[in-house]
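Peer 1: protein.cif is reproduced in full below (mmCIF, C-alpha atoms).
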data_structure
#
loop_
_atom_site.label_atom_id
_atom_site.label_comp_id
_atom_site.auth_asym_id
_atom_site.auth_seq_id
_atom_site.Cartn_x
_atom_site.Cartn_y
_atom_site.Cartn_z
CA MET A 1 73.99 148.88 156.20
CA THR A 2 71.76 146.62 154.07
CA ASP A 3 68.22 147.69 153.24
CA PHE A 4 65.48 145.98 155.25
CA ASN A 5 63.28 143.80 153.00
CA TYR A 6 59.67 144.37 154.01
CA TYR A 7 56.73 142.13 153.19
CA LYS A 8 54.17 144.00 151.12
CA SER A 9 50.40 143.43 151.41
CA LYS A 10 50.10 142.51 147.73
CA GLU A 11 52.82 139.88 148.13
CA ILE A 12 50.90 138.18 150.94
CA TYR A 13 47.80 137.81 148.78
CA ARG A 14 49.92 136.69 145.84
CA GLU A 15 51.11 133.72 147.91
CA LYS A 16 47.60 132.51 148.79
CA TYR A 17 46.45 129.37 146.95
CA TYR A 18 43.49 127.03 146.92
CA GLN A 19 44.25 123.36 147.63
CA MET A 20 42.95 120.56 145.43
CA PRO A 21 42.87 116.99 146.85
CA LYS A 22 45.29 114.87 144.81
CA VAL A 23 43.05 111.86 145.31
CA PHE A 24 40.66 113.41 142.76
CA PHE A 25 43.21 112.38 140.11
CA THR A 26 44.15 108.95 141.47
CA ASN A 27 40.89 107.41 142.73
CA GLN A 28 38.62 106.06 139.99
CA LYS A 29 35.61 107.11 142.06
CA TYR A 30 36.32 110.74 141.16
CA PHE A 31 37.43 110.34 137.53
CA GLU A 32 33.99 111.32 136.18
CA LEU A 33 33.81 114.37 138.44
CA SER A 34 33.83 117.53 136.31
CA ASN A 35 36.52 120.16 136.79
CA ASP A 36 33.81 122.61 137.89
CA ALA A 37 32.74 120.26 140.68
CA LYS A 38 36.35 119.79 141.78
CA ILE A 39 36.90 123.54 141.87
CA ALA A 40 33.65 124.04 143.79
CA TYR A 41 34.79 121.51 146.41
CA MET A 42 38.12 123.30 146.67
CA LEU A 43 36.48 126.72 147.14
CA LEU A 44 34.06 125.47 149.81
CA LYS A 45 36.84 123.64 151.66
CA ASP A 46 38.79 126.90 151.78
CA ARG A 47 35.90 128.57 153.62
CA PHE A 48 35.95 126.30 156.67
CA ASP A 49 37.42 129.15 158.73
CA TYR A 50 34.48 131.30 157.66
CA SER A 51 32.08 128.60 158.90
CA VAL A 52 33.78 128.35 162.29
CA LYS A 53 33.77 132.14 162.65
CA ASN A 54 29.99 132.15 162.01
CA ASN A 55 29.49 129.22 164.40
CA TRP A 56 28.22 127.01 161.58
CA VAL A 57 28.86 123.84 163.57
CA ASP A 58 26.05 121.44 164.46
CA GLN A 59 25.50 119.59 167.74
CA ASP A 60 27.77 116.77 166.57
CA ASP A 61 30.63 119.22 165.88
CA ASN A 62 30.22 118.83 162.11
CA ILE A 63 31.10 121.91 160.07
CA TYR A 64 28.52 123.09 157.54
CA PHE A 65 27.91 126.06 155.26
CA ILE A 66 24.90 128.31 154.82
CA PHE A 67 24.81 129.83 151.36
CA THR A 68 21.85 130.99 149.31
CA VAL A 69 21.78 129.89 145.68
CA GLN A 70 22.60 133.48 144.71
CA GLU A 71 25.66 133.46 147.00
CA LEU A 72 26.83 130.15 145.52
CA MET A 73 26.34 131.57 142.03
CA THR A 74 28.58 134.49 142.99
CA LEU A 75 31.17 132.29 144.72
CA LEU A 76 31.38 129.78 141.85
CA GLN A 77 30.83 132.44 139.16
CA CYS A 78 28.10 130.53 137.36
CA ARG A 79 24.34 130.43 136.82
CA GLU A 80 21.65 128.67 138.85
CA GLY A 81 21.49 125.58 136.66
CA LYS A 82 25.24 125.11 136.95
CA VAL A 83 25.05 125.32 140.77
CA SER A 84 22.40 122.58 140.77
CA LYS A 85 24.55 120.30 138.57
CA ILE A 86 27.64 120.85 140.70
CA LYS A 87 25.69 119.97 143.85
CA LYS A 88 24.34 116.78 142.29
CA GLU A 89 27.80 115.72 141.13
CA LEU A 90 29.32 116.16 144.57
CA GLU A 91 26.36 114.42 146.25
CA GLN A 92 26.65 111.39 143.95
CA VAL A 93 30.25 110.71 145.05
CA GLY A 94 29.62 111.45 148.73
CA LEU A 95 31.43 114.80 148.84
CA LEU A 96 28.36 116.92 149.66
CA LYS A 97 25.29 116.48 151.83
CA GLN A 98 22.34 118.86 152.06
CA LYS A 99 19.95 119.33 154.95
CA ARG A 100 16.89 121.50 154.78
CA GLY A 101 17.43 124.90 156.40
CA ARG A 102 15.98 125.73 159.77
CA LEU A 103 12.99 128.02 160.35
CA ASN A 104 13.81 131.51 161.58
CA ASN A 105 11.32 133.88 163.19
CA SER A 106 11.75 137.28 161.58
CA ASN A 107 9.29 140.12 162.31
CA GLY A 108 6.58 137.69 163.33
CA THR A 109 6.91 135.46 160.25
CA LEU A 110 8.63 132.14 159.85
CA GLN A 111 11.18 131.98 157.04
CA ASN A 112 13.20 129.07 155.74
CA CYS A 113 16.99 129.45 155.88
CA PRO A 114 19.03 128.21 152.90
CA ASN A 115 19.98 124.54 152.97
CA MET A 116 22.81 123.48 155.26
CA LEU A 117 25.68 122.14 153.14
CA TYR A 118 28.15 119.58 154.54
CA LEU A 119 31.40 118.68 152.78
CA GLY A 120 32.42 115.02 152.85
CA LYS A 121 35.99 113.76 153.17
CA PRO A 122 37.40 112.22 149.96
CA ALA A 123 37.97 108.45 150.11
CA VAL A 124 41.66 107.51 150.13
CA THR A 125 42.80 103.95 149.42
CA THR A 126 46.20 102.30 149.79
CA GLU A 127 46.56 102.44 146.02
CA ASP A 128 45.95 106.20 146.09
CA VAL A 129 48.68 106.66 148.70
CA PHE A 130 51.10 104.66 146.53
CA LYS A 131 50.28 106.62 143.37
CA ILE A 132 50.59 110.00 145.07
CA SER A 133 53.86 108.97 146.77
CA GLN A 134 55.24 107.67 143.48
CA GLU A 135 54.40 110.94 141.77
CA GLU A 136 55.99 113.05 144.50
CA ASN A 137 59.18 110.95 144.39
CA LEU A 138 59.80 111.75 140.75
CA THR A 139 63.49 112.76 140.83
CA VAL A 140 65.15 115.70 139.14
CA THR A 141 67.26 113.23 137.14
CA GLU A 142 64.17 111.63 135.63
CA ILE A 143 62.77 115.04 134.73
CA ALA A 144 66.08 115.96 133.12
CA LYS A 145 66.01 112.75 131.05
CA ILE A 146 62.54 113.62 129.80
CA ALA A 147 63.69 117.15 128.93
CA ASN A 148 66.78 115.88 127.03
CA SER A 149 64.68 113.32 125.16
CA ALA A 150 62.23 116.03 124.15
CA LYS A 151 65.08 118.26 122.94
CA THR A 152 66.54 115.44 120.81
CA GLN A 153 63.10 114.71 119.36
CA TYR A 154 62.63 118.42 118.58
CA ASN A 155 65.92 118.56 116.62
CA SER A 156 64.97 115.39 114.74
CA ASP A 157 61.55 116.78 113.91
CA THR A 158 63.05 120.04 112.69
CA THR A 159 65.34 118.15 110.29
CA GLU A 160 62.47 116.07 108.94
CA ILE A 161 60.31 119.16 108.42
CA ALA A 162 63.10 120.80 106.46
CA LYS A 163 63.42 117.72 104.22
CA ILE A 164 59.71 117.66 103.56
CA ALA A 165 59.69 121.37 102.74
CA ASN A 166 62.54 120.94 100.25
CA SER A 167 60.86 117.99 98.56
CA VAL A 168 57.63 119.96 98.15
CA ASN A 169 59.18 122.97 96.43
CA PRO A 170 60.11 121.27 93.09
CA THR A 171 56.55 120.07 92.59
CA ASN A 172 54.96 123.39 93.49
CA THR A 173 54.73 124.51 89.84
CA LYS A 174 53.09 121.27 88.82
CA GLY A 175 50.60 121.62 91.65
CA SER A 176 49.69 125.15 90.52
CA THR A 177 49.05 123.89 86.98
CA GLU A 178 46.70 121.20 88.25
CA ILE A 179 44.79 123.72 90.37
CA ALA A 180 44.34 125.94 87.31
CA LYS A 181 42.89 123.01 85.36
CA ILE A 182 40.45 122.23 88.15
CA ALA A 183 39.38 125.89 88.31
CA ASP A 184 38.66 125.91 84.56
CA ASN A 185 36.56 122.77 84.83
CA LEU A 186 34.50 124.22 87.67
CA LEU A 187 34.01 127.51 85.83
CA TYR A 188 32.54 125.91 82.72
CA SER A 189 30.60 123.08 84.33
CA SER A 190 27.37 124.34 85.88
CA SER A 191 26.11 120.81 86.37
CA SER A 192 29.07 120.05 88.66
CA ILE A 193 28.33 123.15 90.71
CA ASP A 194 24.67 122.14 91.14
CA THR A 195 25.75 118.66 92.22
CA ASN A 196 28.22 120.06 94.75
CA ARG A 197 25.56 122.42 96.11
CA HIS A 198 23.20 119.48 96.58
CA LEU A 199 25.88 117.51 98.40
CA LEU A 200 26.57 120.45 100.69
CA ASP A 201 22.88 120.90 101.48
CA THR A 202 22.54 117.20 102.21
CA ARG A 203 25.56 117.26 104.47
CA GLU A 204 24.23 120.28 106.40
CA ALA A 205 20.88 118.53 106.86
CA GLU A 206 22.65 115.43 108.19
CA GLN A 207 24.75 117.53 110.57
CA GLU A 208 21.64 119.32 111.86
CA ALA A 209 19.93 115.96 112.43
CA VAL A 210 22.92 114.69 114.45
CA LEU A 211 22.97 117.82 116.61
CA LEU A 212 19.23 117.60 117.31
CA GLU A 213 19.51 113.88 118.10
CA ASN A 214 22.13 114.70 120.76
CA PHE A 215 20.26 117.76 122.06
CA VAL A 216 19.65 116.31 125.54
CA THR A 217 23.31 115.40 125.99
CA LEU A 218 24.44 118.81 124.76
CA MET A 219 22.09 120.65 127.15
CA GLN A 220 23.30 118.60 130.11
CA ASP A 221 26.85 119.81 129.52
CA ASP A 222 28.23 121.80 132.45
CA SER A 223 28.75 124.91 130.34
CA ILE A 224 25.02 125.18 129.52
CA ALA A 225 23.72 125.12 133.11
CA THR A 226 19.97 124.60 132.61
CA PHE A 227 17.62 123.45 135.36
CA VAL A 228 15.24 121.83 132.85
CA PRO A 229 15.09 118.09 133.68
CA GLU A 230 16.05 115.34 131.24
CA ASN A 231 12.51 114.12 130.48
CA THR A 232 11.43 117.66 129.58
CA LEU A 233 14.49 118.13 127.35
CA SER A 234 13.58 114.90 125.54
CA LEU A 235 10.05 116.20 124.99
CA ILE A 236 11.41 119.45 123.56
CA LYS A 237 13.66 117.50 121.19
CA THR A 238 10.71 115.47 119.91
CA PHE A 239 8.70 118.58 119.01
CA SER A 240 11.59 120.62 117.54
CA SER A 241 12.72 120.72 113.93
CA THR A 242 16.22 122.02 114.56
CA LEU A 243 18.71 122.38 117.38
CA LYS A 244 18.15 126.13 117.26
CA ASP A 245 14.40 125.69 117.84
CA ALA A 246 15.01 123.33 120.77
CA LYS A 247 17.46 125.72 122.43
CA LYS A 248 14.97 128.55 121.93
CA THR A 249 12.30 126.61 123.83
CA VAL A 250 14.68 126.04 126.77
CA LYS A 251 15.39 129.77 126.86
CA ILE A 252 11.63 130.50 126.90
CA ILE A 253 11.25 128.21 129.95
CA HIS A 254 14.06 130.06 131.75
CA ASN A 255 12.45 133.41 130.91
CA ALA A 256 9.05 132.19 132.15
CA LYS A 257 10.57 131.14 135.49
CA TYR A 258 12.32 134.50 135.82
CA LYS A 259 9.04 136.36 135.12
CA ALA A 260 7.24 134.28 137.76
CA GLU A 261 9.95 135.17 140.29
CA GLN A 262 9.43 138.86 139.51
CA VAL A 263 5.67 138.56 139.96
CA LEU A 264 5.97 136.68 143.27
CA ARG A 265 9.05 138.62 144.43
CA THR A 266 10.71 135.41 145.57
CA LYS A 267 13.48 133.15 144.34
CA ILE A 268 12.44 129.74 143.03
CA VAL A 269 15.18 127.10 143.05
CA PHE A 270 13.99 124.26 140.84
CA GLU A 271 16.11 121.54 142.49
CA GLU A 272 14.66 122.44 145.92
CA LEU A 273 11.00 122.31 144.87
CA PRO A 274 10.55 118.66 146.05
CA LEU A 275 11.40 119.92 149.56
CA TYR A 276 8.24 122.03 149.37
CA GLY A 277 6.11 119.13 148.17
CA VAL A 278 6.15 120.13 144.49
CA ASN A 279 6.25 117.39 141.86
CA THR A 280 8.76 118.73 139.31
CA ASN A 281 7.43 116.28 136.69
CA GLU A 282 4.51 118.70 136.38
CA LEU A 283 6.77 120.91 134.26
CA TYR A 284 6.86 118.08 131.70
CA ASN A 285 3.06 117.79 131.80
CA THR A 286 2.65 121.56 131.43
CA LEU A 287 4.82 121.64 128.32
CA LEU A 288 3.03 118.56 126.95
CA LYS A 289 -0.32 120.38 127.24
CA ALA A 290 1.11 123.25 125.19
CA TYR A 291 2.26 120.89 122.43
CA GLN A 292 -1.12 119.11 122.53
CA LYS A 293 -2.95 122.39 122.03
CA GLN A 294 -0.75 123.11 119.01
CA LYS A 295 -1.89 119.83 117.45
CA THR A 296 -5.61 120.25 118.18
CA GLU A 297 -6.16 124.01 117.83
CA THR A 298 -4.90 126.97 115.84
CA VAL A 299 -2.04 128.59 117.76
CA THR A 300 -0.84 132.02 116.63
CA SER A 301 2.48 131.89 118.50
CA MET A 302 3.80 128.67 120.00
CA ASP A 303 6.54 130.59 121.81
CA ASN A 304 3.97 132.78 123.59
CA LEU A 305 1.85 129.75 124.45
CA ILE A 306 4.77 127.88 126.06
CA PHE A 307 5.85 131.01 127.93
CA THR A 308 2.34 131.57 129.33
CA TYR A 309 1.78 127.93 130.34
CA VAL A 310 5.17 127.58 132.06
CA LYS A 311 4.97 131.00 133.76
CA ASN A 312 1.52 130.20 135.18
CA TRP A 313 2.78 126.83 136.49
CA PHE A 314 5.69 128.49 138.30
CA ILE A 315 3.36 131.14 139.77
CA GLU A 316 0.38 128.96 140.72
CA LYS A 317 2.13 125.73 141.76
CA ALA A 318 5.85 126.00 142.39
CA GLY A 319 5.92 129.60 143.59
CA GLN A 320 2.90 129.29 145.86
CA ALA A 321 4.43 126.26 147.56
CA VAL A 322 7.61 128.23 148.28
CA LEU A 323 5.67 131.24 149.57
CA GLN A 324 3.51 129.13 151.86
CA ALA A 325 6.55 127.41 153.34
CA ASN A 326 8.20 130.75 154.05
CA GLN A 327 5.22 132.43 155.68
CA GLN A 328 3.72 131.88 159.10
CA PRO A 329 0.01 130.96 159.10
CA LYS A 330 -2.18 133.89 160.17
CA SER A 331 -4.12 131.73 162.62
CA GLY A 332 -3.73 128.29 164.13
CA PRO A 333 -6.01 125.36 163.35
CA LYS A 334 -9.52 125.55 164.70
CA ILE A 335 -10.10 123.20 167.64
CA PRO A 336 -13.71 122.03 168.08
CA MET A 337 -14.95 122.85 171.59
CA HIS A 338 -17.48 120.68 173.41
CA ASP A 339 -20.10 122.40 175.52
CA TRP A 340 -19.90 120.32 178.65
CA SER A 341 -22.78 122.24 180.24
CA GLU A 342 -25.16 120.37 177.95
CA SER A 343 -23.79 116.93 178.88
CA VAL A 344 -25.92 114.69 181.06
#
What would the structure in this file look like if it were written as structure tokens?

Peer 2:
Amino acid sequence: MTDFNYYKSKEIYREKYYQMPKVFFTNQKYFELSNDAKIAYMLLKDRFDYSVKNNWVDQDDNIYFIFTVQELMTLLQCREGKVSKIKKELEQVGLLKQKRGRLNNSNGTLQNCPNMLYLGKPAVTTEDVFKISQEENLTVTEIAKIANSAKTQYNSDTTEIAKIANSVNPTNTKGSTEIAKIADNLLYSSSSIDTNRHLLDTREAEQEAVLLENFVTLMQDDSIATFVPENTLSLIKTFSSTLKDAKKTVKIIHNAKYKAEQVLRTKIVFEELPLYGVNTNELYNTLLKAYQKQKTETVTSMDNLIFTYVKNWFIEKAGQAVLQANQQPKSGPKIPMHDWSESV
């Protein structure tokens, strides 16, 4: 009697996969989409069953998601700034749509729910269908030809490498002699060393200048994940001497926002501030005031000044707007009453 082959629980989970739309790699519309955005789309698409189970379907039978920024950070395993960038990327190519969350009455207070997120269907053209079909019809014979060609090339390369190695060996002694001569010259020529040091310093200065010049582009990279807008990054670049100083200022802004959240005991999502009527360009103006004060007055610590200015802006402007939107007014508007008994 043969042994019965059972399915094990670990094997079931081992066979589960996420699905990536192939059109992301055939349609030019999605060529500029980052891999992080593609993965985010794939993860959200996989959670459609979760949406249906929670009855996240609107009156038009459209499926949506309700995730807080913190939940999206956990799901996508990234920071807040990265979540914002991924959302913008998907929105720009019509793969994501956001609607402001509804108001919920909890313990007598009105609170905003997280934004409702809708996934859009990828656009598929006739050309995409042809490309995908052509790729899937790649025969085993063609793959074998590629493999054989690679093997032949490998053997050829190995032979050439061996020839090169053999030709190098006879001249090895000569090369060692030349290196010894160069070492002697360097040892007894202090002027050459000073010149080389100057060239190295100049090169380092040029490299630092290039990095600082491209600071905004570097900070907008997906791996950095900062919420600081482009105009503010440009301002920081203008008033920084090195890339290190500029990055330090961005970190101070992040720390100031975090401190404001602790003081107010509420989460502030920078990209959602316009929904609460906050002009996010005010962050630029706040930082500009700090730099202006540095030019007109004696400032002991510029880092502390920037931290204080930005923290106060998040507390007094951005944070207050979020708190007011999430709280129910204590009393309704006063309605003027007319004393009709005095009317003629």

Peer 1: Let me know the residues the PyMOL selection byres ((chain A and resi 29) around 12) catches in the file above, as a ChimeraX atom specification.

Peer 2: /A:23-28,30-33,89-90,92-95,122-125,128

Peer 1: Determine the residue membership of the PyMOL selection byres ((chain A and resi 43) around 12) for the file above and supply it as a list in words.

Peer 2: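 Selection result, ordered by chain and number: Tyr17, Tyr18, Gln19, Met20, Pro21, Asp36, Ala37, Lys38, Ile39, Ala40, Tyr41, Met42, Leu44, Lys45, Asp46, Arg47, Phe48, Asp49, Tyr50, Phe65, Leu72, Thr74, Leu75, Leu76, Gln77 and Leu119 of chain A.
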
Peer 1: To test your reading of the syntax: which residues would the PyMOL selection byres ((chain A and resi 318) around 12) return for the file shown? Reply as a ChimeraX atom specification.

Peer 2: /A:257,260-261,264,266-283,310-317,319-325

Peer 1: With all atoms listed in the file as the atoms that count, which of A:Asn35, A:Asn304, A:Lys16, A:Glu213 lies nearest to Ala256 in chain A?

Peer 2: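 Under the stated criterion, the closest residue is A:Asn304.
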
Peer 1: One number please: CA of Val250 in chain A to CA of Thr226 in chain A, in Å, one decimal.

Peer 2: 8.0 Å

Peer 1: Mind giving me the straight-line distance from CA of Trp56 in chain A to CA of Asn115 in chain A in Å, one decimal?

Peer 2: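 Atom-to-atom, CA of Trp56 in chain A to CA of Asn115 in chain A, that is 12.2 Å.
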
Peer 1: Using Å and a single decimal, report how far CA of Lys247 in chain A sits from CA of Thr286 in chain A.

Peer 2: 17.8 Å

Peer 1: List every protein, DNA or RNA residue that has an atom no more than 10 Å from (26.7, 123.0, 119.4) in the file's coordinate frame, counting only C-alpha atoms, and report them as a list of chain:residue names.

Peer 2: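 Those residues lying close to the given coordinates are A:Glu208, A:Leu211, A:Leu212, A:Asn214, A:Phe215, A:Leu218, A:Met219, A:Leu243, A:Lys244.
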
Peer 1: Can you spit out the residues from that selection as a compact mmCIF listing (two decimals), keeping the file's coordinate frame, using C-alpha atoms?

Peer 2:
# COMPACT_ATOMS: atom_id res chain seq x y z
CA GLU A 208 21.64 119.32 111.86
CA LEU A 211 22.97 117.82 116.61
CA LEU A 212 19.23 117.60 117.31
CA ASN A 214 22.13 114.70 120.76
CA PHE A 215 20.26 117.76 122.06
CA LEU A 218 24.44 118.81 124.76
CA MET A 219 22.09 120.65 127.15
CA LEU A 243 18.71 122.38 117.38
CA LYS A 244 18.15 126.13 117.26

Peer 1: Where atoms are missing, can you supply N, CA and C atoms for range 60-75 of chain A and output the lot as a PDB file, in the coordinates of the input?

Peer 2:
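Result file follows (selection15.pdb):
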ATOM      1  N   ASP A  60      26.796 117.858 166.631  1.00  0.00           N
ATOM      2  CA  ASP A  60      27.770 116.770 166.570  1.00  0.00           C
ATOM      3  C   ASP A  60      29.166 117.264 166.188  1.00  0.00           C
ATOM      4  N   ASP A  61      29.354 118.592 166.209  1.00  0.00           N
ATOM      5  CA  ASP A  61      30.630 119.220 165.880  1.00  0.00           C
ATOM      6  C   ASP A  61      30.995 119.076 164.403  1.00  0.00           C
ATOM      7  N   ASN A  62      29.982 118.905 163.556  1.00  0.00           N
ATOM      8  CA  ASN A  62      30.220 118.830 162.110  1.00  0.00           C
ATOM      9  C   ASN A  62      30.115 120.229 161.508  1.00  0.00           C
ATOM     10  N   ILE A  63      31.086 120.592 160.698  1.00  0.00           N
ATOM     11  CA  ILE A  63      31.100 121.910 160.070  1.00  0.00           C
ATOM     12  C   ILE A  63      30.170 121.911 158.855  1.00  0.00           C
ATOM     13  N   TYR A  64      29.382 122.964 158.718  1.00  0.00           N
ATOM     14  CA  TYR A  64      28.520 123.090 157.540  1.00  0.00           C
ATOM     15  C   TYR A  64      28.597 124.526 157.012  1.00  0.00           C
ATOM     16  N   PHE A  65      27.957 124.746 155.871  1.00  0.00           N
ATOM     17  CA  PHE A  65      27.910 126.060 155.260  1.00  0.00           C
ATOM     18  C   PHE A  65      26.465 126.483 155.081  1.00  0.00           C
ATOM     19  N   ILE A  66      26.226 127.776 155.135  1.00  0.00           N
ATOM     20  CA  ILE A  66      24.900 128.310 154.820  1.00  0.00           C
ATOM     21  C   ILE A  66      25.090 129.329 153.712  1.00  0.00           C
ATOM     22  N   PHE A  67      24.723 128.945 152.507  1.00  0.00           N
ATOM     23  CA  PHE A  67      24.810 129.830 151.360  1.00  0.00           C
ATOM     24  C   PHE A  67      23.500 129.794 150.597  1.00  0.00           C
ATOM     25  N   THR A  68      22.998 130.964 150.215  1.00  0.00           N
ATOM     26  CA  THR A  68      21.850 130.990 149.310  1.00  0.00           C
ATOM     27  C   THR A  68      22.342 130.591 147.925  1.00  0.00           C
ATOM     28  N   VAL A  69      21.395 130.242 147.049  1.00  0.00           N
ATOM     29  CA  VAL A  69      21.780 129.890 145.680  1.00  0.00           C
ATOM     30  C   VAL A  69      22.477 131.072 145.015  1.00  0.00           C
ATOM     31  N   GLN A  70      21.981 132.291 145.297  1.00  0.00           N
ATOM     32  CA  GLN A  70      22.600 133.480 144.710  1.00  0.00           C
ATOM     33  C   GLN A  70      24.041 133.633 145.182  1.00  0.00           C
ATOM     34  N   GLU A  71      24.290 133.362 146.464  1.00  0.00           N
ATOM     35  CA  GLU A  71      25.660 133.460 147.000  1.00  0.00           C
ATOM     36  C   GLU A  71      26.567 132.410 146.364  1.00  0.00           C
ATOM     37  N   LEU A  72      26.031 131.196 146.166  1.00  0.00           N
ATOM     38  CA  LEU A  72      26.830 130.150 145.520  1.00  0.00           C
ATOM     39  C   LEU A  72      27.101 130.501 144.055  1.00  0.00           C
ATOM     40  N   MET A  73      26.138 131.126 143.403  1.00  0.00           N
ATOM     41  CA  MET A  73      26.340 131.570 142.030  1.00  0.00           C
ATOM     42  C   MET A  73      27.474 132.587 141.954  1.00  0.00           C
ATOM     43  N   THR A  74      27.518 133.480 142.948  1.00  0.00           N
ATOM     44  CA  THR A  74      28.580 134.490 142.990  1.00  0.00           C
ATOM     45  C   THR A  74      29.925 133.847 143.320  1.00  0.00           C
ATOM     46  N   LEU A  75      29.931 132.943 144.301  1.00  0.00           N
ATOM     47  CA  LEU A  75      31.170 132.290 144.720  1.00  0.00           C
ATOM     48  C   LEU A  75      31.763 131.447 143.597  1.00  0.00           C
TER      49      LEU A  75
END
